[in-house]
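Asker: Pasting run07.cif below, which is mmCIF, C-alpha atoms (C1' of nucleotides).
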```
data_model
loop_
_atom_site.label_atom_id
_atom_site.label_comp_id
_atom_site.auth_asym_id
_atom_site.auth_seq_id
_atom_site.Cartn_x
_atom_site.Cartn_y
_atom_site.Cartn_z
CA MET A 160 193.48 105.01 -60.52
CA ASP A 161 191.89 105.97 -57.24
CA THR A 162 188.32 106.90 -58.07
CA ARG A 163 187.68 108.79 -54.87
CA GLN A 164 190.70 110.98 -55.41
CA ARG A 165 189.74 111.54 -59.03
CA ILE A 166 186.32 112.79 -57.92
CA ILE A 167 187.96 115.13 -55.43
CA ASN A 168 190.39 116.47 -58.02
CA VAL A 169 187.66 117.16 -60.54
CA ALA A 170 185.42 118.77 -57.92
CA LYS A 171 188.30 120.84 -56.59
CA SER A 172 188.97 122.29 -60.00
CA LEU A 173 185.30 122.94 -60.80
CA PHE A 174 184.48 124.46 -57.41
CA HIS A 175 187.55 126.63 -57.58
CA ASN A 176 186.86 127.92 -61.07
CA ARG A 177 183.12 128.35 -60.68
CA SER A 178 181.24 127.95 -57.40
CA TYR A 179 179.83 125.30 -55.11
CA ALA A 180 176.19 125.85 -56.03
CA ASP A 181 176.88 126.19 -59.73
CA VAL A 182 178.58 122.85 -60.16
CA GLY A 183 176.31 119.82 -60.25
CA ILE A 184 177.14 116.24 -59.31
CA LYS A 185 176.32 115.07 -62.82
CA GLU A 186 179.00 117.32 -64.26
CA ILE A 187 181.53 116.12 -61.72
CA CYS A 188 180.72 112.52 -62.55
CA ASP A 189 181.02 113.14 -66.29
CA LYS A 190 184.41 114.83 -65.95
CA ALA A 191 185.62 112.08 -63.62
CA GLU A 192 184.24 109.47 -66.03
CA ILE A 193 182.14 107.63 -63.52
CA GLN A 194 178.44 107.07 -62.87
CA LYS A 195 176.39 108.72 -60.21
CA GLY A 196 176.06 105.53 -58.23
CA SER A 197 179.83 105.39 -57.88
CA PHE A 198 179.87 108.92 -56.60
CA TYR A 199 177.43 108.08 -53.83
CA HIS A 200 179.45 105.05 -52.94
CA PHE A 201 182.24 107.37 -51.81
CA PHE A 202 180.31 110.42 -50.67
CA SER A 203 176.99 110.47 -48.85
CA ALA A 204 176.06 113.91 -50.20
CA LYS A 205 177.38 116.85 -52.14
CA ARG A 206 178.10 118.53 -48.82
CA ASP A 207 180.32 115.60 -47.90
CA LEU A 208 182.30 116.07 -51.07
CA VAL A 209 182.98 119.74 -50.51
CA LEU A 210 184.19 118.91 -47.02
CA ALA A 211 186.63 116.44 -48.50
CA VAL A 212 187.66 118.97 -51.13
CA ILE A 213 188.45 121.57 -48.48
CA GLU A 214 190.45 119.04 -46.51
CA ASP A 215 192.34 117.90 -49.58
CA PHE A 216 193.10 121.38 -50.80
CA ALA A 217 194.24 122.45 -47.36
CA GLN A 218 196.77 119.63 -47.51
CA ASP A 219 197.90 120.65 -51.01
CA TRP A 220 198.25 124.16 -49.76
CA ALA A 221 200.10 123.36 -46.57
CA HIS A 222 202.56 121.08 -48.33
CA GLY A 223 202.69 123.17 -51.48
CA PHE A 224 203.31 126.84 -51.81
CA VAL A 225 202.58 127.75 -48.21
CA HIS A 226 205.27 125.35 -47.14
CA GLU A 227 207.69 126.84 -49.65
CA ALA A 228 206.82 130.43 -48.85
CA PHE A 229 207.14 130.00 -45.11
CA ASP A 230 210.44 128.22 -45.48
CA SER A 231 212.26 128.69 -42.20
CA ARG A 232 215.60 129.01 -44.00
CA LEU A 233 214.47 132.28 -45.53
CA PRO A 234 214.81 135.49 -43.49
CA PRO A 235 211.36 135.96 -41.93
CA MET A 236 210.15 139.04 -43.76
CA GLU A 237 211.36 137.71 -47.10
CA ARG A 238 208.95 134.83 -46.72
CA ILE A 239 206.13 137.30 -47.07
CA ASP A 240 207.54 138.63 -50.33
CA TYR A 241 207.86 135.07 -51.50
CA LEU A 242 204.23 134.43 -50.61
CA ILE A 243 203.05 137.35 -52.72
CA ASP A 244 205.16 136.13 -55.59
CA ALA A 245 203.77 132.64 -55.31
CA ALA A 246 200.19 133.90 -55.20
CA TYR A 247 200.82 136.10 -58.21
CA PHE A 248 202.33 133.39 -60.37
CA TRP A 249 199.71 130.89 -59.36
CA GLN A 250 196.81 133.15 -60.26
CA LYS A 251 198.47 134.25 -63.45
CA ALA A 252 199.06 130.67 -64.53
CA ALA A 253 195.47 129.75 -63.70
CA LYS A 254 194.19 132.70 -65.69
CA ASN A 255 196.25 131.69 -68.70
CA LEU A 256 194.77 128.23 -68.49
CA GLU A 257 191.10 129.00 -67.86
CA GLY A 258 190.76 132.61 -68.92
CA HIS A 259 189.82 133.81 -65.45
CA MET A 260 191.50 134.26 -62.10
CA PRO A 261 189.96 131.66 -59.81
CA GLY A 262 191.00 133.46 -56.64
CA CYS A 263 191.37 131.57 -53.36
CA LEU A 264 189.19 128.46 -53.05
CA PHE A 265 188.84 128.97 -49.31
CA GLY A 266 187.88 132.61 -49.65
CA ASN A 267 185.42 131.79 -52.41
CA LEU A 268 183.74 129.05 -50.41
CA ALA A 269 183.79 131.12 -47.22
CA LEU A 270 181.76 133.88 -48.79
CA GLU A 271 179.45 131.48 -50.58
CA ILE A 272 178.46 129.13 -47.79
CA SER A 273 179.36 130.73 -44.45
CA THR A 274 175.77 131.82 -43.86
CA GLN A 275 174.35 128.45 -44.83
CA ASP A 276 176.38 125.72 -43.19
CA ASP A 277 178.17 126.15 -39.90
CA VAL A 278 180.11 122.91 -40.20
CA LEU A 279 181.64 123.92 -43.52
CA ARG A 280 182.24 127.37 -42.12
CA ALA A 281 184.10 125.88 -39.14
CA LYS A 282 186.22 123.81 -41.50
CA LEU A 283 187.18 126.95 -43.39
CA THR A 284 187.98 128.92 -40.25
CA ALA A 285 190.31 126.09 -39.26
CA VAL A 286 192.17 126.54 -42.55
CA PHE A 287 192.39 130.28 -42.00
CA LEU A 288 193.59 129.70 -38.47
CA MET A 289 196.39 127.54 -39.79
CA ALA A 290 197.41 130.24 -42.27
CA LYS A 291 197.28 132.85 -39.55
CA GLU A 292 199.63 130.77 -37.42
CA ARG A 293 202.16 130.74 -40.23
CA PHE A 294 202.09 134.51 -40.36
CA LYS A 295 202.31 134.74 -36.59
CA CYS A 296 205.37 132.49 -36.35
CA THR A 297 207.04 134.52 -39.06
CA LEU A 298 206.30 137.76 -37.24
CA ASP A 299 207.42 136.35 -33.90
CA GLU A 300 210.68 135.34 -35.48
CA ALA A 301 211.15 138.74 -37.10
CA VAL A 302 210.52 140.47 -33.79
CA ALA A 303 212.85 138.13 -31.92
CA SER A 304 215.66 138.79 -34.38
CA LYS A 305 214.92 142.52 -34.22
CA LYS A 306 214.13 142.73 -37.90
CA ILE A 307 210.95 144.61 -37.06
CA ALA A 308 209.74 146.62 -34.08
CA PRO A 309 207.61 144.73 -31.54
CA LEU A 310 203.89 144.56 -32.27
CA ASP A 311 200.80 142.46 -31.61
CA THR A 312 201.88 139.50 -33.71
CA GLU A 313 198.60 137.63 -33.21
CA ARG A 314 196.42 140.41 -34.54
CA THR A 315 198.86 141.54 -37.18
CA ALA A 316 199.03 137.99 -38.51
CA GLU A 317 195.25 137.91 -38.76
CA ALA A 318 195.29 141.30 -40.47
CA MET A 319 197.89 140.13 -42.97
CA LEU A 320 195.80 137.11 -43.85
CA ALA A 321 192.76 139.36 -44.28
CA TYR A 322 194.74 141.66 -46.55
CA LEU A 323 195.96 138.73 -48.62
CA GLU A 324 192.40 137.49 -49.10
CA GLY A 325 191.13 140.97 -49.85
CA MET A 326 193.84 141.56 -52.42
CA ILE A 327 192.93 138.33 -54.17
CA LEU A 328 189.26 139.30 -54.06
CA ILE A 329 189.90 142.66 -55.72
CA ALA A 330 192.24 141.05 -58.22
CA LYS A 331 189.63 138.44 -59.11
CA ALA A 332 186.96 141.09 -59.50
CA SER A 333 189.10 142.85 -62.09
CA ASN A 334 190.42 139.54 -63.45
CA ASP A 335 193.88 141.01 -63.25
CA PRO A 336 196.68 139.13 -61.49
CA GLU A 337 198.85 142.25 -61.69
CA THR A 338 196.72 143.65 -58.88
CA ILE A 339 198.50 141.25 -56.57
CA TYR A 340 201.82 142.70 -57.61
CA ARG A 341 200.60 146.26 -57.38
CA LEU A 342 199.19 145.83 -53.88
CA GLY A 343 201.50 143.18 -52.54
CA SER A 344 204.10 145.53 -51.15
CA ALA A 345 201.62 146.90 -48.60
CA LEU A 346 201.35 143.56 -46.87
CA LYS A 347 204.50 144.17 -44.87
CA SER A 348 203.35 147.64 -43.87
CA ILE A 349 200.41 146.27 -41.91
CA ARG A 350 200.86 146.68 -38.18
CA ILE A 351 198.69 146.33 -35.11
CA GLU A 352 200.46 147.64 -32.01
CA ARG A 353 200.43 145.83 -28.69
CA ASN A 354 197.63 146.78 -26.27
CA ALA A 355 196.05 148.87 -28.97
CA MET B 822 153.57 149.84 -54.17
CA ASP B 823 156.27 149.70 -56.82
CA THR B 824 156.51 146.05 -57.77
CA ARG B 825 159.85 146.33 -59.50
CA GLN B 826 161.45 147.89 -56.46
CA ARG B 827 159.86 145.30 -54.20
CA ILE B 828 161.42 142.53 -56.30
CA ILE B 829 164.80 144.23 -56.09
CA ASN B 830 164.54 144.66 -52.34
CA VAL B 831 163.63 141.04 -51.76
CA ALA B 832 166.36 139.82 -54.12
CA LYS B 833 168.90 142.12 -52.52
CA SER B 834 168.24 140.68 -49.11
CA LEU B 835 168.22 137.07 -50.29
CA PHE B 836 171.34 137.38 -52.44
CA HIS B 837 173.14 139.15 -49.65
CA ASN B 838 172.27 136.60 -47.01
CA ARG B 839 172.73 133.51 -49.15
CA SER B 840 174.16 133.54 -52.67
CA TYR B 841 173.19 134.27 -56.24
CA ALA B 842 173.02 130.66 -57.37
CA ASP B 843 171.27 129.46 -54.22
CA VAL B 844 168.30 131.78 -54.48
CA GLY B 845 165.66 130.85 -57.05
CA ILE B 846 163.25 133.13 -58.86
CA LYS B 847 160.31 131.27 -57.37
CA GLU B 848 161.44 132.12 -53.87
CA ILE B 849 161.94 135.76 -54.78
CA CYS B 850 158.45 135.91 -56.26
CA ASP B 851 156.90 134.27 -53.19
CA LYS B 852 158.59 136.70 -50.81
CA ALA B 853 157.65 139.64 -53.02
CA GLU B 854 154.10 138.25 -53.25
CA ILE B 855 153.88 138.24 -57.01
CA GLN B 856 153.66 135.63 -59.74
CA LYS B 857 156.45 134.56 -62.01
CA GLY B 858 154.91 136.23 -65.03
CA SER B 859 155.09 139.56 -63.27
CA PHE B 860 158.73 139.02 -62.54
CA TYR B 861 159.49 138.47 -66.20
CA HIS B 862 157.57 141.58 -67.09
CA PHE B 863 160.19 143.62 -65.29
CA PHE B 864 163.30 141.52 -65.79
CA SER B 865 164.25 139.57 -68.85
CA ALA B 866 166.31 137.06 -66.88
CA LYS B 867 167.74 136.32 -63.47
CA ARG B 868 170.98 137.84 -64.65
CA ASP B 869 169.15 141.08 -65.40
CA LEU B 870 167.84 141.14 -61.87
CA VAL B 871 171.20 140.78 -60.23
CA LEU B 872 172.49 143.60 -62.41
CA ALA B 873 169.69 145.79 -61.11
CA VAL B 874 170.36 144.64 -57.55
CA ILE B 875 174.02 145.63 -57.82
CA GLU B 876 173.06 149.01 -59.24
CA ASP B 877 170.46 149.60 -56.53
CA PHE B 878 172.70 148.53 -53.71
CA ALA B 879 175.54 150.66 -55.02
CA GLN B 880 173.20 153.63 -54.76
CA ASP B 881 172.12 152.68 -51.23
CA TRP B 882 175.74 152.38 -50.35
CA ALA B 883 176.90 155.61 -51.94
CA HIS B 884 174.11 157.62 -50.36
CA GLY B 885 174.09 155.66 -47.13
CA PHE B 886 176.97 154.82 -44.89
CA VAL B 887 179.71 155.51 -47.42
CA HIS B 888 178.41 159.02 -47.76
CA GLU B 889 178.31 159.42 -44.00
CA ALA B 890 181.70 157.87 -43.45
CA PHE B 891 183.44 159.96 -46.09
CA ASP B 892 181.84 163.12 -44.79
CA SER B 893 184.11 165.97 -45.86
CA ARG B 894 183.46 167.83 -42.62
CA LEU B 895 185.31 165.14 -40.70
CA PRO B 896 189.11 165.28 -40.51
CA PRO B 897 190.28 162.95 -43.30
CA MET B 898 191.78 160.12 -41.30
CA GLU B 899 188.86 160.07 -38.89
CA ARG B 900 186.61 159.16 -41.78
CA ILE B 901 188.38 155.86 -42.00
CA ASP B 902 187.73 155.15 -38.33
CA TYR B 903 184.13 156.04 -38.94
CA LEU B 904 183.97 153.64 -41.86
CA ILE B 905 185.22 150.76 -39.71
CA ASP B 906 182.65 151.63 -37.05
CA ALA B 907 179.87 151.73 -39.60
CA ALA B 908 180.88 148.38 -41.09
CA TYR B 909 181.07 146.85 -37.64
CA PHE B 910 177.67 148.02 -36.48
CA TRP B 911 176.05 147.10 -39.76
CA GLN B 912 177.37 143.56 -39.73
CA LYS B 913 176.56 143.14 -36.08
CA ALA B 914 172.99 144.29 -36.59
CA ALA B 915 172.58 141.98 -39.57
CA LYS B 916 173.91 139.07 -37.56
CA ASN B 917 171.47 139.77 -34.76
CA LEU B 918 168.65 139.74 -37.28
CA GLU B 919 169.54 136.73 -39.39
CA GLY B 920 171.96 134.78 -37.22
CA HIS B 921 174.84 135.15 -39.63
CA MET B 922 177.08 137.91 -40.87
CA PRO B 923 176.17 138.53 -44.50
CA GLY B 924 179.44 140.23 -45.34
CA CYS B 925 179.70 142.60 -48.28
CA LEU B 926 177.23 141.95 -51.11
CA PHE B 927 179.72 143.17 -53.69
CA GLY B 928 182.52 141.03 -52.35
CA ASN B 929 180.24 138.01 -52.16
CA LEU B 930 179.03 138.41 -55.72
CA ALA B 931 182.50 139.20 -56.99
CA LEU B 932 183.89 135.90 -55.78
CA GLU B 933 180.82 133.95 -56.88
CA ILE B 934 180.38 135.15 -60.44
CA SER B 935 183.60 136.87 -61.56
CA THR B 936 184.72 133.80 -63.47
CA GLN B 937 181.34 133.26 -65.07
CA ASP B 938 180.03 136.57 -66.33
CA ASP B 939 182.27 139.39 -67.48
CA VAL B 940 179.46 141.94 -67.63
CA LEU B 941 178.51 141.40 -64.01
CA ARG B 942 182.17 141.41 -63.12
CA ALA B 943 182.65 144.76 -64.86
CA LYS B 944 179.68 146.15 -62.94
CA LEU B 945 181.27 145.09 -59.69
CA THR B 946 184.67 146.50 -60.56
CA ALA B 947 182.93 149.81 -61.24
CA VAL B 948 181.54 149.75 -57.71
CA PHE B 949 184.95 148.95 -56.31
CA LEU B 950 186.45 151.72 -58.38
CA MET B 951 184.01 154.19 -56.85
CA ALA B 952 184.91 153.04 -53.35
CA LYS B 953 188.60 153.30 -54.17
CA GLU B 954 188.11 156.90 -55.30
CA ARG B 955 186.61 157.74 -51.93
CA PHE B 956 189.65 156.40 -50.20
CA LYS B 957 191.93 158.19 -52.62
CA CYS B 958 190.28 161.58 -52.09
CA THR B 959 190.53 161.09 -48.36
CA LEU B 960 194.21 160.24 -48.59
CA ASP B 961 194.93 163.14 -50.95
CA GLU B 962 193.31 165.47 -48.48
CA ALA B 963 195.25 164.01 -45.56
CA VAL B 964 198.50 164.40 -47.46
CA ALA B 965 197.65 167.95 -48.54
CA SER B 966 196.92 168.98 -44.96
CA LYS B 967 200.10 167.23 -43.81
CA LYS B 968 198.21 164.83 -41.55
CA ILE B 969 200.16 161.95 -43.07
CA ALA B 970 203.43 161.62 -44.93
CA PRO B 971 203.21 161.60 -48.73
CA LEU B 972 202.56 158.25 -50.37
CA ASP B 973 201.09 156.66 -53.47
CA THR B 974 197.49 157.57 -52.75
CA GLU B 975 196.11 155.68 -55.73
CA ARG B 976 197.62 152.36 -54.78
CA THR B 977 197.19 152.86 -51.07
CA ALA B 978 193.50 153.55 -51.63
CA GLU B 979 193.18 150.32 -53.57
CA ALA B 980 195.06 148.48 -50.83
CA MET B 981 192.76 149.90 -48.16
CA LEU B 982 189.70 148.75 -50.06
CA ALA B 983 191.25 145.31 -50.42
CA TYR B 984 191.97 145.19 -46.71
CA LEU B 985 188.41 146.22 -45.89
CA GLU B 986 187.01 143.46 -48.07
CA GLY B 987 189.47 140.93 -46.68
CA MET B 988 188.59 141.85 -43.11
CA ILE B 989 184.93 141.35 -43.83
CA LEU B 990 185.70 138.03 -45.51
CA ILE B 991 187.59 136.73 -42.49
CA ALA B 992 184.93 138.07 -40.15
CA LYS B 993 182.19 136.35 -42.14
CA ALA B 994 184.11 133.08 -42.15
CA SER B 995 184.21 133.14 -38.36
CA ASN B 996 180.74 134.71 -38.17
CA ASP B 997 182.17 137.20 -35.74
CA PRO B 998 181.66 140.95 -36.26
CA GLU B 999 184.20 141.64 -33.52
CA THR B 1000 186.86 140.65 -36.03
CA ILE B 1001 186.20 143.97 -37.75
CA TYR B 1002 186.93 145.80 -34.54
CA ARG B 1003 189.97 143.72 -33.78
CA LEU B 1004 191.52 144.25 -37.22
CA GLY B 1005 190.11 147.65 -38.07
CA SER B 1006 192.92 149.66 -36.55
CA ALA B 1007 195.41 148.29 -39.08
CA LEU B 1008 193.56 149.93 -41.96
CA LYS B 1009 195.28 153.24 -41.36
CA SER B 1010 198.69 151.60 -41.13
CA ILE B 1011 198.54 150.49 -44.75
CA ARG B 1012 200.97 152.39 -46.95
CA ILE B 1013 202.32 152.08 -50.45
CA GLU B 1014 205.18 154.50 -51.06
CA ARG B 1015 205.50 156.55 -54.20
CA ASN B 1016 207.56 155.04 -57.03
CA ALA B 1017 207.75 151.82 -55.10
"C1'" DT C 544 132.28 153.87 -75.11
"C1'" DC C 545 136.04 151.92 -77.15
"C1'" DT C 546 140.95 151.23 -77.43
"C1'" DT C 547 145.43 150.97 -75.85
"C1'" DG C 548 149.13 149.37 -73.16
"C1'" DA C 549 151.11 148.53 -68.67
"C1'" DC C 550 150.66 145.06 -65.42
"C1'" DT C 551 149.14 140.49 -63.44
"C1'" DT C 552 147.78 135.74 -63.30
"C1'" DG C 553 148.69 130.82 -63.07
"C1'" DA C 554 149.26 126.93 -65.81
"C1'" DC C 555 152.81 125.02 -68.32
"C1'" DC C 556 157.57 123.71 -70.55
"C1'" DG C 557 161.86 120.94 -70.99
"C1'" DG C 558 165.70 120.33 -68.42
"C1'" DT C 559 168.41 119.66 -64.44
"C1'" DC C 560 168.88 119.15 -59.53
"C1'" DG C 561 170.53 116.02 -55.54
"C1'" DG C 562 169.81 111.56 -54.39
"C1'" DT C 563 168.23 106.27 -54.59
"C1'" DC C 564 168.43 101.60 -55.84
"C1'" DA C 565 168.55 96.82 -57.52
"C1'" DA C 566 171.47 94.48 -60.32
"C1'" DC C 567 175.97 93.47 -61.86
"C1'" DT C 568 181.25 92.77 -61.95
"C1'" DA C 569 185.77 92.08 -60.19
"C1'" DT C 570 188.79 90.68 -56.66
"C1'" DA C 571 190.50 88.28 -53.04
"C1'" DA C 572 189.96 84.97 -48.92
"C1'" DC C 573 188.82 80.62 -47.53
"C1'" DG D 46 184.49 76.62 -56.07
"C1'" DT D 47 182.05 79.26 -52.99
"C1'" DT D 48 181.33 83.33 -50.55
"C1'" DA D 49 181.95 88.01 -49.04
"C1'" DT D 50 182.67 92.51 -50.18
"C1'" DA D 51 184.24 96.73 -52.57
"C1'" DG D 52 183.18 99.05 -56.49
"C1'" DT D 53 180.29 100.07 -60.58
"C1'" DT D 54 176.38 100.59 -63.57
"C1'" DG D 55 172.44 103.08 -65.44
"C1'" DA D 56 167.72 103.62 -64.94
"C1'" DC D 57 164.84 106.03 -62.02
"C1'" DC D 58 162.65 109.46 -58.46
"C1'" DG D 59 160.21 113.73 -57.07
"C1'" DA D 60 161.33 118.37 -56.68
"C1'" DC D 61 162.81 122.31 -58.44
"C1'" DC D 62 165.20 125.15 -61.96
"C1'" DG D 63 164.87 129.35 -65.24
"C1'" DG D 64 161.79 130.74 -68.44
"C1'" DT D 65 157.24 131.09 -71.56
"C1'" DC D 66 152.69 132.23 -72.67
"C1'" DA D 67 147.75 132.95 -73.51
"C1'" DA D 68 144.36 135.02 -71.03
"C1'" DG D 69 142.82 138.41 -68.26
"C1'" DT D 70 142.50 142.99 -65.23
"C1'" DC D 71 142.48 147.73 -64.94
"C1'" DA D 72 143.27 152.67 -65.46
"C1'" DA D 73 144.06 156.45 -68.63
"C1'" DG D 74 143.31 158.78 -73.18
"C1'" DA D 75 140.46 159.65 -77.22
#
```
Mind turning the file's structure into structure tokens?
Answerer:
Amino acid sequence: MDTRQRIINVAKSLFHNRSYADVGIKEICDKAEIQKGSFYHFFSAKRDLVLAVIEDFAQDWAHGFVHEAFDSRLPPMERIDYLIDAAYFWQKAAKNLEGHMPGCLFGNLALEISTQDDVLRAKLTAVFLMAKERFKCTLDEAVASKKIAPLDTERTAEAMLAYLEGMILIAKASNDPETIYRLGSALKSIRIERNA
Amino acid sequence: MDTRQRIINVAKSLFHNRSYADVGIKEICDKAEIQKGSFYHFFSAKRDLVLAVIEDFAQDWAHGFVHEAFDSRLPPMERIDYLIDAAYFWQKAAKNLEGHMPGCLFGNLALEISTQDDVLRAKLTAVFLMAKERFKCTLDEAVASKKIAPLDTERTAEAMLAYLEGMILIAKASNDPETIYRLGSALKSIRIERNA
DNA sequence: TCTTGACTTGACCGGTCGGTCAACTATAAC
DNA sequence: GTTATAGTTGACCGACCGGTCAAGTCAAGA
């Protein structure tokens, strides 16, 4: 089996469930059943690994539940309900497995390392930008088909992403996936008017 | 000068600008100009320190800009505008000082350690609960004085807090305090209806 | 003056950190 | 059968980690 990918998978899980600084390379190597030397054959530094993890997880995400949620066959505003559902079930499943809600890997890493590494930060903003675009397209479509009143789709999309991340943050802090359900319905109420 | 408080102040700043795991006790002692032994006279462990830091910062917060923002002499919904302003100027000032937006200490810690320490997590949820109550009182007052249509003030308050944290997260990820300005106006648009 | 106890010092501990390296193995090309 | 190269091994490095401790300082109370 592909060693490099195995390292990434192990690191992804550990970083997501704990934190970047808290997880050591030794532990990653042990769980991936390789030696340290092998690790440094594939990655020049720990920082390199987390970059690869972000990239990999962004792909998972884009082709996984984000792709399903933003399915263009669904009516636009229903996609947002679907997204909340997907986030809820995902976090709930993860909690049942590990005992704790892991939250959003990108959000976690963003808060942990944004002040310390601008390259990693830029990588994360690129992921957020991608997510924002999904929201924006959905909103544009909803406006075009007169499902919702016109608004500043760019800013509203950004605000929706922020709300999604914030909801997950609060849910993680109380280790309660139900928070996502309880607060999810407000996502569609968020509006930023044009020229506001 | 009070050594214990000096340790807390140094730790508060370092934890806020970096992360819990990234800051070592040695560094805290150096910056506070004390020896390690002194540190362990006041705190039994690093974990004890961060507990004290959360407590201390929650006090700062409650008596500082939260107290100002939720000033009962202001019309209720204007308090929320004030809060956004305060958050914006605070983050902007911090960025000018350190080069990076530190974000919200509570949010940062929540995502870093929620999966690893349930006592710390509980401490943080208590802080969030307090903040939520402020929002709730404000909303109750706004509803009572017919400034806004009736809604589920409990849930909406929680949603507003989540949005605030999410906004700060996204702003920190792009290291751009202007994000708070750009997205701030949506805070008041958040609504969760009763019996929804 | 003697004692007490809060506070401070700085050397020290075992363990772990991220990272290096020379040697080895397995595979495939020629 | 030789060579090149990708991948792997495990010992090793210095630095740093959180935490301990015996020895000392110093001010207040008796």
Asker: Each residue of chain B with at least one atom at most 7 Å from chain A should appear once, together with its nearest atom pair and the corresponding distance in Å (one decimal); atoms considered: all atoms listed in the file; ordering: chain, then increasing residue number; output as a tab-separated table.
Answerer:
```
residue	atom	partner	partner_atom	distance
B:Asn838	CA	A:Thr274	CA	6.7
B:Arg839	CA	A:Thr274	CA	6.3
B:Ser840	CA	A:Glu271	CA	6.0
B:Ala842	CA	A:Ala180	CA	5.9
B:Asp843	CA	A:Ala180	CA	6.4
B:His921	CA	A:Thr274	CA	5.5
B:Met922	CA	A:Thr274	CA	6.9
B:Pro923	CA	A:Thr274	CA	6.8
B:Asn929	CA	A:Leu270	CA	5.5
B:Ala931	CA	A:Ala332	CA	5.5
B:Leu932	CA	A:Asn267	CA	5.5
B:Glu933	CA	A:Ser178	CA	6.0
B:Ser935	CA	A:Ala332	CA	5.8
B:Thr936	CA	A:His259	CA	5.5
B:Gln937	CA	A:Arg177	CA	6.8
B:Arg942	CA	A:Ala332	CA	6.0
B:Leu945	CA	A:Ala332	CA	7.0
B:Thr946	CA	A:Ser333	CA	5.9
B:Arg976	CA	A:Leu342	CA	6.8
B:Ala980	CA	A:Leu342	CA	5.8
B:Ala983	CA	A:Gly325	CA	4.4
B:Tyr984	CA	A:Tyr322	CA	4.5
B:Glu986	CA	A:Gly325	CA	5.1
B:Gly987	CA	A:Gly325	CA	3.6
B:Met988	CA	A:Ala321	CA	5.0
B:Leu990	CA	A:Leu270	CA	6.6
B:Ile991	CA	A:Ala321	CA	6.1
B:Lys993	CA	A:Ser273	CA	6.7
B:Ala994	CA	A:Ala269	CA	5.4
B:Ser995	CA	A:Thr284	CA	6.0
B:Leu1004	CA	A:Ala318	CA	5.8
B:Ser1006	CA	A:Ile351	CA	6.8
B:Ala1007	CA	A:Ile351	CA	5.5
B:Ser1010	CA	A:Ile349	CA	5.7
B:Ile1011	CA	A:Ile349	CA	5.4
B:Arg1012	CA	A:Ala345	CA	5.8
B:Ile1013	CA	A:Ala345	CA	5.5
```
Asker: Within 10 Å of chain A, which residues of chain C show up when using only C-alpha atoms (C1' of nucleotides), listed as a PyMOL selection string?
Answerer: chain C and resi 559-564
Asker: Please indicate the distance in Å from atom CA of A:Arg163 to atom CA of A:Ala253, rounded to one decimal place.
Answerer: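 Atom-to-atom, atom CA of A:Arg163 to atom CA of A:Ala253, that is 24.0 Å.
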Asker: Convert the output of the PyMOL selection byres ((chain D) within 10 of (chain A)) on the shown file into explicit residues, formatted as a PDB file with C-alpha atoms (C1' of nucleotides), keeping the file's coordinate frame.
Answerer:
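Writing done, so here's selection-v7.pdb:
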```
ATOM      1  C1'  DA D  51     184.240  96.730 -52.570  1.00  0.00           C
ATOM      2  C1'  DG D  52     183.180  99.050 -56.490  1.00  0.00           C
ATOM      3  C1'  DT D  53     180.290 100.070 -60.580  1.00  0.00           C
ATOM      4  C1'  DT D  54     176.380 100.590 -63.570  1.00  0.00           C
ATOM      5  C1'  DG D  55     172.440 103.080 -65.440  1.00  0.00           C
TER       6       DG D  55
END
```
Asker: Quick one: everything within 12 Å of C:DG558, counting only C-alpha atoms (C1' of nucleotides), minus sequence neighbours fewer than 5 positions away in the same chain. Send it as a PyMOL selection string.
Answerer: chain D and resi 61-64
Asker: Write the residues of the selection above to a file with C-alpha atoms (C1' of nucleotides), as a tab-separated table (two decimals), in the frame of the given file.
Answerer:
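The resulting again.tsv:
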```
chain	number	residue	atom	x	y	z
D	61	DC	C1'	162.81	122.31	-58.44
D	62	DC	C1'	165.20	125.15	-61.96
D	63	DG	C1'	164.87	129.35	-65.24
D	64	DG	C1'	161.79	130.74	-68.44
```
Asker: To one decimal in Å, tell me the separation between atom CA of A:Leu298 and atom CA of A:Leu242.
Answerer: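 A separation of 13.9 Å between them.
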Asker: So what does the PyMOL selection byres ((chain A and resi 300) around 12) actually pick up in this one, as a list in words?
Answerer: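 On this input, the PyMOL selection byres ((chain A and resi 300) around 12) captures Phe229, Ser231, Arg232, Leu233, Pro234, Pro235, Met236, Glu237, Arg238, Arg293, Phe294, Lys295, Cys296, Thr297, Leu298, Asp299, Ala301, Val302, Ala303, Ser304, Lys305, Lys306, Ile307, Ala308, Pro309, Leu310 and Thr312 of chain A.
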Asker: Return the padded bounding box of stretch 60-63 of chain D as lines of an AutoDock Vina configuration file: axis-aligned, built from all atoms listed in the file, 6 Å added on each side, with centre and edge lengths in Å to one decimal.
Answerer:
```
center_x = 163.3
center_y = 123.9
center_z = -61.0
size_x = 15.9
size_y = 23.0
size_z = 20.6
```
Asker: Given the choices C:DC555, C:DA571, C:DA549, C:DA565, which gets closest to D:DA56 if the distance is worked out from only C-alpha atoms (C1' of nucleotides)?
Answerer: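 Closest to D:DA56 of all the choices is C:DA565.
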